[in-house]
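Here's data_38.json, which has JSON, C-alpha atoms and all ligand atoms:
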[["chain", "number", "residue", "atom", "x", "y", "z"],
["C", 1, "MET", "CA", -28.46, 10.15, -11.68],
["C", 2, "THR", "CA", -31.43, 10.06, -9.26],
["C", 3, "LEU", "CA", -30.63, 9.68, -5.61],
["C", 4, "GLU", "CA", -32.31, 6.72, -3.97],
["C", 5, "ARG", "CA", -33.46, 7.37, -0.36],
["C", 6, "LEU", "CA", -33.83, 4.51, 2.11],
["C", 7, "ASP", "CA", -34.50, 4.32, 5.83],
["C", 8, "ASP", "CA", -34.53, 0.58, 6.39],
["C", 9, "ALA", "CA", -31.40, -1.50, 7.05],
["C", 10, "ALA", "CA", -32.68, -4.55, 5.12],
["C", 11, "ALA", "CA", -33.42, -2.37, 2.07],
["C", 12, "VAL", "CA", -29.87, -0.93, 2.25],
["C", 13, "GLU", "CA", -28.43, -4.46, 2.27],
["C", 14, "ARG", "CA", -30.55, -5.38, -0.80],
["C", 15, "TRP", "CA", -29.56, -2.18, -2.61],
["C", 16, "SER", "CA", -25.88, -2.78, -2.00],
["C", 17, "ARG", "CA", -26.08, -6.47, -3.01],
["C", 18, "THR", "CA", -27.66, -5.45, -6.34],
["C", 19, "ARG", "CA", -25.01, -2.76, -6.88],
["C", 20, "ARG", "CA", -22.16, -5.11, -6.12],
["C", 21, "ALA", "CA", -23.61, -7.71, -8.50],
["C", 22, "ALA", "CA", -23.73, -5.08, -11.28],
["C", 23, "ARG", "CA", -20.22, -3.66, -10.69],
["C", 24, "ARG", "CA", -17.26, -4.50, -8.51],
["C", 25, "THR", "CA", -16.72, -1.19, -6.76],
["C", 26, "LEU", "CA", -18.82, 0.78, -4.30],
["C", 27, "GLY", "CA", -17.73, 3.92, -2.48],
["C", 28, "PHE", "CA", -19.19, 4.83, 0.92],
["C", 29, "VAL", "CA", -19.26, 8.08, 2.90],
["C", 30, "PRO", "CA", -20.68, 7.74, 6.43],
["C", 31, "THR", "CA", -21.92, 11.05, 7.87],
["C", 32, "MET", "CA", -24.04, 12.56, 10.61],
["C", 33, "GLY", "CA", -25.65, 14.99, 8.15],
["C", 34, "ALA", "CA", -25.57, 18.82, 8.24],
["C", 35, "LEU", "CA", -23.49, 18.38, 5.13],
["C", 36, "HIS", "CA", -20.96, 20.94, 3.95],
["C", 37, "GLU", "CA", -18.33, 21.20, 1.25],
["C", 38, "GLY", "CA", -16.05, 18.85, 3.23],
["C", 39, "HIS", "CA", -18.59, 16.01, 2.97],
["C", 40, "LEU", "CA", -19.30, 16.79, -0.70],
["C", 41, "THR", "CA", -15.56, 16.59, -1.38],
["C", 42, "LEU", "CA", -15.63, 13.06, 0.09],
["C", 43, "VAL", "CA", -18.57, 12.16, -2.16],
["C", 44, "ARG", "CA", -16.82, 13.51, -5.26],
["C", 45, "ARG", "CA", -13.64, 11.62, -4.35],
["C", 46, "ALA", "CA", -15.70, 8.41, -3.84],
["C", 47, "LEU", "CA", -17.31, 8.84, -7.27],
["C", 48, "GLU", "CA", -13.96, 9.49, -8.90],
["C", 49, "SER", "CA", -12.44, 6.41, -7.30],
["C", 50, "GLU", "CA", -15.31, 3.88, -7.17],
["C", 51, "GLY", "CA", -17.87, 5.17, -9.71],
["C", 52, "VAL", "CA", -20.82, 4.81, -7.29],
["C", 53, "CYS", "CA", -21.28, 6.43, -3.89],
["C", 54, "ALA", "CA", -23.61, 5.56, -1.00],
["C", 55, "VAL", "CA", -23.95, 8.00, 1.91],
["C", 56, "SER", "CA", -25.38, 7.37, 5.38],
["C", 57, "ILE", "CA", -26.87, 10.12, 7.55],
["C", 58, "PHE", "CA", -27.26, 9.09, 11.16],
["C", 59, "VAL", "CA", -26.64, 11.24, 14.23],
["C", 60, "ASN", "CA", -25.30, 8.33, 16.24],
["C", 61, "PRO", "CA", -26.29, 8.56, 19.94],
["C", 62, "LEU", "CA", -23.65, 5.94, 20.85],
["C", 63, "GLN", "CA", -20.82, 8.41, 20.22],
["C", 64, "PHE", "CA", -22.15, 11.37, 22.24],
["C", 65, "ASP", "CA", -21.14, 11.53, 25.88],
["C", 66, "ASP", "CA", -23.10, 14.78, 26.33],
["C", 67, "SER", "CA", -26.87, 14.56, 25.73],
["C", 68, "ALA", "CA", -27.14, 18.36, 25.23],
["C", 69, "ASP", "CA", -24.53, 18.13, 22.46],
["C", 70, "LEU", "CA", -26.54, 15.31, 20.82],
["C", 71, "ALA", "CA", -29.79, 17.29, 21.06],
["C", 72, "ARG", "CA", -28.16, 20.41, 19.54],
["C", 73, "TYR", "CA", -26.48, 18.59, 16.65],
["C", 74, "PRO", "CA", -27.84, 20.24, 13.46],
["C", 75, "ARG", "CA", -30.24, 18.11, 11.35],
["C", 76, "ASP", "CA", -31.74, 18.93, 7.92],
["C", 77, "PHE", "CA", -32.29, 15.77, 5.91],
["C", 78, "GLU", "CA", -34.08, 17.40, 2.94],
["C", 79, "ARG", "CA", -31.31, 19.93, 2.39],
["C", 80, "ASP", "CA", -28.66, 17.20, 2.74],
["C", 81, "ALA", "CA", -30.43, 14.93, 0.24],
["C", 82, "GLU", "CA", -30.62, 17.78, -2.31],
["C", 83, "LEU", "CA", -26.89, 18.45, -1.95],
["C", 84, "LEU", "CA", -26.12, 14.74, -2.38],
["C", 85, "GLU", "CA", -28.33, 14.47, -5.45],
["C", 86, "ARG", "CA", -26.50, 17.40, -7.05],
["C", 87, "ALA", "CA", -23.12, 15.88, -6.14],
["C", 88, "GLY", "CA", -24.06, 12.63, -7.93],
["C", 89, "ALA", "CA", -24.45, 10.19, -5.01],
["C", 90, "SER", "CA", -26.62, 7.13, -5.78],
["C", 91, "LEU", "CA", -27.95, 6.33, -2.32],
["C", 92, "VAL", "CA", -28.61, 8.19, 0.91],
["C", 93, "PHE", "CA", -29.92, 6.24, 3.86],
["C", 94, "THR", "CA", -30.87, 6.99, 7.42],
["C", 95, "GLY", "CA", -32.00, 4.79, 10.27],
["C", 96, "THR", "CA", -32.60, 4.62, 13.99],
["C", 97, "LEU", "CA", -30.69, 2.87, 16.72],
["C", 98, "ALA", "CA", -33.42, 0.18, 16.70],
["C", 99, "SER", "CA", -33.21, -0.32, 12.94],
["C", 100, "PHE", "CA", -29.42, -0.72, 13.04],
["C", 101, "PHE", "CA", -29.05, -2.70, 16.29],
["C", 102, "GLY", "CA", -32.47, -4.18, 17.10],
["C", 103, "THR", "CA", -32.81, -2.08, 20.28],
["C", 104, "ASP", "CA", -33.37, 1.59, 20.99],
["C", 105, "ASP", "CA", -31.54, 1.33, 24.32],
["C", 106, "PRO", "CA", -27.88, 2.42, 23.82],
["C", 107, "LYS", "CA", -26.88, 0.37, 26.89],
["C", 108, "ARG", "CA", -28.05, -2.85, 25.22],
["C", 109, "VAL", "CA", -26.01, -2.32, 22.03],
["C", 110, "GLU", "CA", -22.92, -4.53, 22.00],
["C", 111, "ARG", "CA", -19.93, -2.20, 21.63],
["C", 112, "GLU", "CA", -17.04, -2.66, 19.25],
["C", 113, "VAL", "CA", -13.58, -2.36, 20.82],
["C", 114, "PRO", "CA", -12.05, 0.67, 19.09],
["C", 115, "GLY", "CA", -8.30, -0.18, 19.23],
["C", 116, "PRO", "CA", -5.38, 1.48, 21.05],
["C", 117, "ALA", "CA", -5.52, 4.86, 19.23],
["C", 118, "ALA", "CA", -8.85, 5.49, 20.95],
["C", 119, "ARG", "CA", -7.31, 5.76, 24.41],
["C", 120, "VAL", "CA", -5.83, 9.25, 24.20],
["C", 121, "LEU", "CA", -6.85, 12.85, 23.32],
["C", 122, "GLU", "CA", -10.42, 12.66, 21.92],
["C", 123, "GLY", "CA", -10.85, 9.27, 23.59],
["C", 124, "ALA", "CA", -9.72, 10.62, 26.97],
["C", 125, "SER", "CA", -11.80, 13.83, 26.65],
["C", 126, "ARG", "CA", -14.94, 12.03, 25.45],
["C", 127, "PRO", "CA", -15.22, 8.68, 27.25],
["C", 128, "GLY", "CA", -17.02, 6.08, 25.13],
["C", 129, "HIS", "CA", -16.93, 8.28, 22.02],
["C", 130, "PHE", "CA", -14.75, 5.99, 19.91],
["C", 131, "ASP", "CA", -16.54, 2.81, 21.07],
["C", 132, "GLY", "CA", -19.66, 4.47, 19.66],
["C", 133, "VAL", "CA", -17.92, 5.46, 16.41],
["C", 134, "ALA", "CA", -16.40, 1.99, 15.94],
["C", 135, "THR", "CA", -19.74, 0.29, 16.72],
["C", 136, "ILE", "CA", -21.78, 2.28, 14.18],
["C", 137, "VAL", "CA", -19.05, 2.25, 11.54],
["C", 138, "ARG", "CA", -18.75, -1.55, 11.76],
["C", 139, "ARG", "CA", -22.54, -1.91, 11.44],
["C", 140, "LEU", "CA", -22.63, 0.48, 8.46],
["C", 141, "PHE", "CA", -19.74, -1.33, 6.76],
["C", 142, "GLU", "CA", -21.55, -4.66, 7.25],
["C", 143, "LEU", "CA", -24.74, -3.26, 5.69],
["C", 144, "VAL", "CA", -23.16, -1.45, 2.74],
["C", 145, "ARG", "CA", -20.13, -3.74, 2.17],
["C", 146, "PRO", "CA", -18.28, -0.97, 0.29],
["C", 147, "THR", "CA", -14.99, -1.52, -1.49],
["C", 148, "ARG", "CA", -13.67, 1.82, -0.21],
["C", 149, "ALA", "CA", -14.87, 4.24, 2.49],
["C", 150, "PHE", "CA", -13.89, 7.90, 2.69],
["C", 151, "PHE", "CA", -13.21, 9.96, 5.82],
["C", 152, "GLY", "CA", -12.04, 13.53, 6.42],
["C", 153, "GLU", "CA", -8.56, 14.21, 7.76],
["C", 154, "LYS", "CA", -9.95, 16.71, 10.30],
["C", 155, "ASP", "CA", -11.05, 13.73, 12.37],
["C", 156, "PHE", "CA", -7.56, 12.22, 12.18],
["C", 157, "GLN", "CA", -7.88, 10.11, 15.33],
["C", 158, "GLN", "CA", -11.21, 8.78, 14.06],
["C", 159, "THR", "CA", -9.46, 7.63, 10.88],
["C", 160, "LEU", "CA", -7.10, 5.50, 13.04],
["C", 161, "VAL", "CA", -10.08, 3.94, 14.83],
["C", 162, "VAL", "CA", -11.93, 3.30, 11.57],
["C", 163, "ARG", "CA", -8.85, 1.72, 10.01],
["C", 164, "SER", "CA", -8.66, -0.73, 12.91],
["C", 165, "VAL", "CA", -12.36, -1.64, 12.39],
["C", 166, "ALA", "CA", -11.74, -2.20, 8.67],
["C", 167, "GLU", "CA", -8.64, -4.30, 9.39],
["C", 168, "ARG", "CA", -10.63, -6.56, 11.73],
["C", 169, "LEU", "CA", -13.45, -6.94, 9.18],
["C", 170, "GLY", "CA", -11.10, -7.36, 6.22],
["C", 171, "PHE", "CA", -12.83, -4.55, 4.29],
["C", 172, "PRO", "CA", -13.22, -1.81, 3.07],
["C", 173, "ALA", "CA", -10.11, 0.12, 2.01],
["C", 174, "ILE", "CA", -10.01, 3.42, 3.93],
["C", 175, "GLU", "CA", -9.12, 6.67, 2.20],
["C", 176, "VAL", "CA", -8.42, 9.84, 4.17],
["C", 177, "VAL", "CA", -9.27, 13.03, 2.27],
["C", 178, "PRO", "CA", -7.59, 16.38, 3.13],
["C", 179, "THR", "CA", -9.52, 18.86, 5.28],
["C", 180, "VAL", "CA", -11.46, 21.51, 3.38],
["C", 181, "ARG", "CA", -10.91, 25.02, 4.81],
["C", 182, "GLU", "CA", -12.50, 28.43, 4.40],
["C", 183, "PRO", "CA", -10.17, 30.92, 2.65],
["C", 184, "ASP", "CA", -9.19, 32.31, 6.10],
["C", 185, "GLY", "CA", -8.19, 28.84, 7.36],
["C", 186, "LEU", "CA", -11.23, 27.73, 9.40],
["C", 187, "ALA", "CA", -11.76, 23.99, 8.90],
["C", 188, "LEU", "CA", -15.26, 23.19, 7.64],
["C", 189, "SER", "CA", -17.37, 21.52, 10.31],
["C", 190, "SER", "CA", -21.11, 20.98, 10.80],
["C", 191, "ARG", "CA", -20.64, 22.60, 14.21],
["C", 192, "ASN", "CA", -19.50, 25.93, 12.65],
["C", 193, "ALA", "CA", -23.19, 26.60, 11.88],
["C", 194, "ARG", "CA", -23.68, 27.28, 15.62],
["C", 195, "LEU", "CA", -21.04, 30.02, 15.80],
["C", 196, "ASP", "CA", -21.96, 33.71, 15.67],
["C", 197, "ALA", "CA", -19.61, 36.26, 14.05],
["C", 198, "ALA", "CA", -17.57, 36.78, 17.25],
["C", 199, "GLY", "CA", -17.29, 33.03, 17.89],
["C", 200, "ARG", "CA", -16.25, 32.39, 14.32],
["C", 201, "GLU", "CA", -13.49, 35.01, 14.65],
["C", 202, "ARG", "CA", -12.22, 33.36, 17.85],
["C", 203, "ALA", "CA", -12.45, 29.90, 16.26],
["C", 204, "LEU", "CA", -9.81, 31.04, 13.75],
["C", 205, "ALA", "CA", -7.30, 30.63, 16.59],
["C", 206, "LEU", "CA", -7.33, 26.85, 15.96],
["C", 207, "SER", "CA", -6.07, 27.05, 12.40],
["C", 208, "ARG", "CA", -3.75, 29.98, 13.25],
["C", 209, "GLY", "CA", -2.05, 27.82, 15.87],
["C", 210, "LEU", "CA", -1.74, 24.91, 13.44],
["C", 211, "PHE", "CA", -0.24, 27.08, 10.71],
["C", 212, "ALA", "CA", 2.20, 28.64, 13.20],
["C", 213, "ALA", "CA", 3.38, 25.17, 14.28],
["C", 214, "ARG", "CA", 3.74, 24.10, 10.65],
["C", 215, "ALA", "CA", 5.74, 27.24, 9.80],
["C", 216, "ALA", "CA", 8.12, 26.43, 12.68],
["C", 217, "TRP", "CA", 8.45, 22.81, 11.51],
["C", 218, "ARG", "CA", 9.31, 24.08, 8.03],
["C", 219, "ALA", "CA", 11.88, 26.41, 9.56],
["C", 220, "GLY", "CA", 13.55, 23.38, 11.19],
["C", 221, "GLU", "CA", 11.97, 23.01, 14.65],
["C", 222, "ARG", "CA", 11.58, 19.30, 15.44],
["C", 223, "VAL", "CA", 10.87, 19.20, 19.20],
["C", 224, "ALA", "CA", 7.24, 18.66, 20.21],
["C", 225, "ALA", "CA", 7.11, 21.06, 23.19],
["C", 226, "PRO", "CA", 8.07, 24.31, 21.37],
["C", 227, "LEU", "CA", 5.86, 23.32, 18.41],
["C", 228, "ALA", "CA", 2.95, 22.74, 20.83],
["C", 229, "ALA", "CA", 3.63, 26.11, 22.52],
["C", 230, "LEU", "CA", 3.26, 27.85, 19.13],
["C", 231, "LEU", "CA", 0.08, 25.88, 18.50],
["C", 232, "ARG", "CA", -1.32, 26.94, 21.86],
["C", 233, "ALA", "CA", -0.44, 30.67, 21.82],
["C", 234, "PRO", "CA", -3.32, 31.90, 19.57],
["C", 235, "LEU", "CA", -5.80, 29.75, 21.52],
["C", 236, "ASP", "CA", -4.78, 31.39, 24.78],
["C", 237, "ALA", "CA", -4.79, 34.83, 23.14],
["C", 238, "ALA", "CA", -8.41, 34.22, 22.05],
["C", 239, "ALA", "CA", -9.21, 33.01, 25.62],
["C", 240, "LEU", "CA", -10.58, 29.69, 24.33],
["C", 241, "ASP", "CA", -11.14, 26.80, 26.74],
["C", 242, "VAL", "CA", -8.52, 24.39, 25.36],
["C", 243, "GLU", "CA", -8.90, 20.62, 25.91],
["C", 244, "TYR", "CA", -5.67, 19.71, 24.20],
["C", 245, "ALA", "CA", -3.12, 21.29, 21.88],
["C", 246, "VAL", "CA", -0.40, 18.75, 21.18],
["C", 247, "VAL", "CA", 2.14, 17.57, 18.64],
["C", 248, "ARG", "CA", 2.52, 13.82, 18.14],
["C", 249, "ASP", "CA", 4.36, 11.41, 15.88],
["C", 250, "PRO", "CA", 1.37, 10.05, 13.86],
["C", 251, "GLU", "CA", 2.99, 6.60, 13.72],
["C", 252, "ARG", "CA", 3.42, 6.47, 17.52],
["C", 253, "PHE", "CA", 0.16, 8.22, 18.17],
["C", 254, "ILE", "CA", -0.53, 7.16, 21.74],
["C", 255, "GLU", "CA", 2.95, 8.09, 22.98],
["C", 256, "VAL", "CA", 3.71, 11.49, 24.45],
["C", 257, "PRO", "CA", 6.91, 12.63, 22.67],
["C", 258, "ALA", "CA", 10.07, 12.87, 24.82],
["C", 259, "PRO", "CA", 10.52, 16.44, 26.17],
["C", 260, "ASP", "CA", 13.62, 17.23, 24.10],
["C", 261, "GLY", "CA", 13.61, 14.44, 21.46],
["C", 262, "ALA", "CA", 13.50, 15.37, 17.76],
["C", 263, "LEU", "CA", 10.48, 14.08, 15.82],
["C", 264, "GLU", "CA", 10.86, 12.53, 12.37],
["C", 265, "ARG", "CA", 7.21, 13.10, 11.48],
["C", 266, "ALA", "CA", 4.70, 15.28, 13.26],
["C", 267, "ARG", "CA", 1.01, 16.04, 13.42],
["C", 268, "ALA", "CA", -0.49, 18.87, 15.47],
["C", 269, "LEU", "CA", -3.92, 18.29, 17.00],
["C", 270, "VAL", "CA", -6.20, 20.66, 18.87],
["C", 271, "ALA", "CA", -9.60, 20.64, 20.58],
["C", 272, "ALA", "CA", -11.16, 23.73, 22.16],
["C", 273, "PHE", "CA", -14.52, 25.15, 23.20],
["C", 274, "VAL", "CA", -15.77, 28.38, 21.63],
["C", 275, "ASP", "CA", -18.64, 30.34, 23.24],
["C", 276, "ALA", "CA", -21.77, 30.47, 21.09],
["C", 277, "PRO", "CA", -25.36, 31.71, 21.55],
["C", 278, "GLY", "CA", -26.93, 28.24, 22.05],
["C", 279, "GLY", "CA", -24.13, 26.94, 24.32],
["C", 280, "ARG", "CA", -20.42, 26.56, 23.75],
["C", 281, "VAL", "CA", -19.22, 24.64, 20.68],
["C", 282, "ARG", "CA", -16.43, 22.08, 20.79],
["C", 283, "LEU", "CA", -14.20, 22.29, 17.71],
["C", 284, "ILE", "CA", -11.28, 20.10, 16.67],
["C", 285, "ASP", "CA", -8.65, 20.57, 13.98],
["C", 286, "THR", "CA", -5.37, 19.00, 12.94],
["C", 287, "LEU", "CA", -2.52, 19.50, 10.49],
["C", 288, "GLU", "CA", 0.40, 17.42, 9.35],
["C", 289, "LEU", "CA", 3.51, 19.50, 9.96],
["C", 290, "SER", "CA", 5.02, 18.30, 6.73],
["C", 291, "SER", "CA", 7.71, 20.12, 4.83],
["C", 292, "THR", "CA", 5.85, 19.97, 1.53],
["C", 293, "PRO", "CA", 4.49, 23.33, 0.35],
["C", 294, "SER", "CA", 0.69, 23.80, 0.62],
["C", 295, "PRO", "CA", -1.28, 23.63, -2.61],
["C", 296, "SER", "CA", -1.94, 27.14, -3.91],
["C", 297, "GLY", "CA", -4.94, 28.82, -2.33],
["C", 298, "THR", "CA", -4.49, 27.27, 1.13],
["C", 299, "PRO", "CA", -3.00, 29.34, 3.94],
["V", 1, "LIG", "O1", -17.41, 11.63, 11.38],
["V", 1, "LIG", "C1", -18.64, 11.42, 11.55],
["V", 1, "LIG", "O2", -19.49, 12.15, 11.02],
["V", 1, "LIG", "C2", -19.07, 10.26, 12.43],
["V", 1, "LIG", "O3", -18.20, 10.08, 13.50],
["V", 1, "LIG", "C3", -19.28, 8.95, 11.65],
["V", 1, "LIG", "C4", -18.00, 8.45, 11.04],
["V", 1, "LIG", "C5", -20.32, 9.17, 10.57],
["V", 1, "LIG", "C6", -19.80, 7.86, 12.60],
["V", 1, "LIG", "O4", -21.01, 8.23, 13.18]]

Encoded form using structure tokens:
Amino acid sequence: MTLERLDDAAAVERWSRTRRAARRTLGFVPTMGALHEGHLTLVRRALESEGVCAVSIFVNPLQFDDSADLARYPRDFERDAELLERAGASLVFTGTLASFFGTDDPKRVEREVPGPAARVLEGASRPGHFDGVATIVRRLFELVRPTRAFFGEKDFQQTLVVRSVAERLGFPAIEVVPTVREPDGLALSSRNARLDAAGRERALALSRGLFAARAAWRAGERVAAPLAALLRAPLDAAALDVEYAVVRDPERFIEVPAPDGALERARALVAAFVDAPGGRVRLIDTLELSSTPSPSGTP
């Protein structure tokens, strides 16, 4: 199937209206480009589930609190479009702030309220980040009107924010797809491209900590503090600048677990800066500390 490329919001609305008239389902994968196997897994899952997949590529200035981070975000539209064509997507579209919101001044864009999950962790570290995510995601959902949208588990807190946007709109269904990892455990991320060999080695501390916490959960540990200490140890050993390394009940996400209370369910979440040649890189990762064995091939 040939990939259609659009860069105009009105044309995207027309495309999606025609698609929806021809068939009832439409899958959607919103991205900021610099695509990797994690994004392509979302596209394949969208095709499997909905038969047709539209993808947006927009490095959304509304969700960056650090202008240097925004400027450094990797961009390669031609490469991304080729990957999407090979994966079988039907549409890729881009746009500008002005084309999506009628103004190129971020301060004049009316912000979506992102819901309670946005207050903690990523939301506390990156003020305004989730307002920006919720605002663009709502606009993209309104343009594409997908039946189902697909998001990666690595951005777990983002999936909570996006679910609350979809609940308010009444569509689409949200599907969270498991994180894709390198064989050594590193979660795929567009930001990994900025790491040199030494930085990449140190970045492995994130997944090492997560796997250590999960091993302890499987061995019977249920208290957040010792699980979080295991999560944190490899990060400290690699001398990373840690923003948070916590264990939370995913259904009571904004609550800090009681110091000695046993958790029924747990998710470990981490954010840390890794030094890199063009300026330090902020990485996040997360893992459900479930008792189910990992699929073969994952650490
Ligand atoms: O996860 C991302 O790439 C972005 O936050 C998203 C969902 C595309 C919104 O800009």

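When only C-alpha atoms and all ligand atoms are used to compute distances to ligand LIG 1 (chain V), the closest of the residues C:Ile174, C:Val270, C:Leu3, C:Ala71 turns out to be C:Ile174.
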
- Message: Which residue is closest to ligand LIG 1 (chain V)? Choose from C:Glu37, C:Glu78, C:Glu13, C:Asp155 and count only C-alpha atoms and all ligand atoms.
- Response: C:Asp155

- Item | Exercise answer, 8 Å around ligand LIG 1 (chain V) with only C-alpha atoms and all ligand atoms, as a list in words |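 These are the residues that qualify: Val29, Pro30, Thr31, Met32, Gly33, Ser56, Ile57, Phe58, Val59, Asn60, Gln63, Gly132, Val133, Ala134, Ile136, Val137, Phe151, Gly152, Asp155, Gln158 and Val162 of chain C.
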
- Task: Enter the distance from CA of Ala166 (chain C) to CA of Pro146 (chain C), in Å, rounded to one decimal.
- Result: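 Separating CA of Ala166 (chain C) from CA of Pro146 (chain C) is a distance of 10.7 Å.
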
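Taking CA of Glu182 (chain C) and CA of Arg218 (chain C) as the two end points, the separation is 22.5 Å.
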
- CA of Ala68 (chain C) to CA of Leu97 (chain C), distance in Å rounded to a single decimal: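 Separating CA of Ala68 (chain C) from CA of Leu97 (chain C) is a distance of 18.0 Å.
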
- Shell of 8 Å around Leu289 (chain C), all atoms listed in the file, local chain residues under 5 positions omitted, as a list in words: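 Returned residues: Ala213, Arg214, Trp217, Arg218, Arg265, Ala266, Arg267 and Ala268 of chain C.
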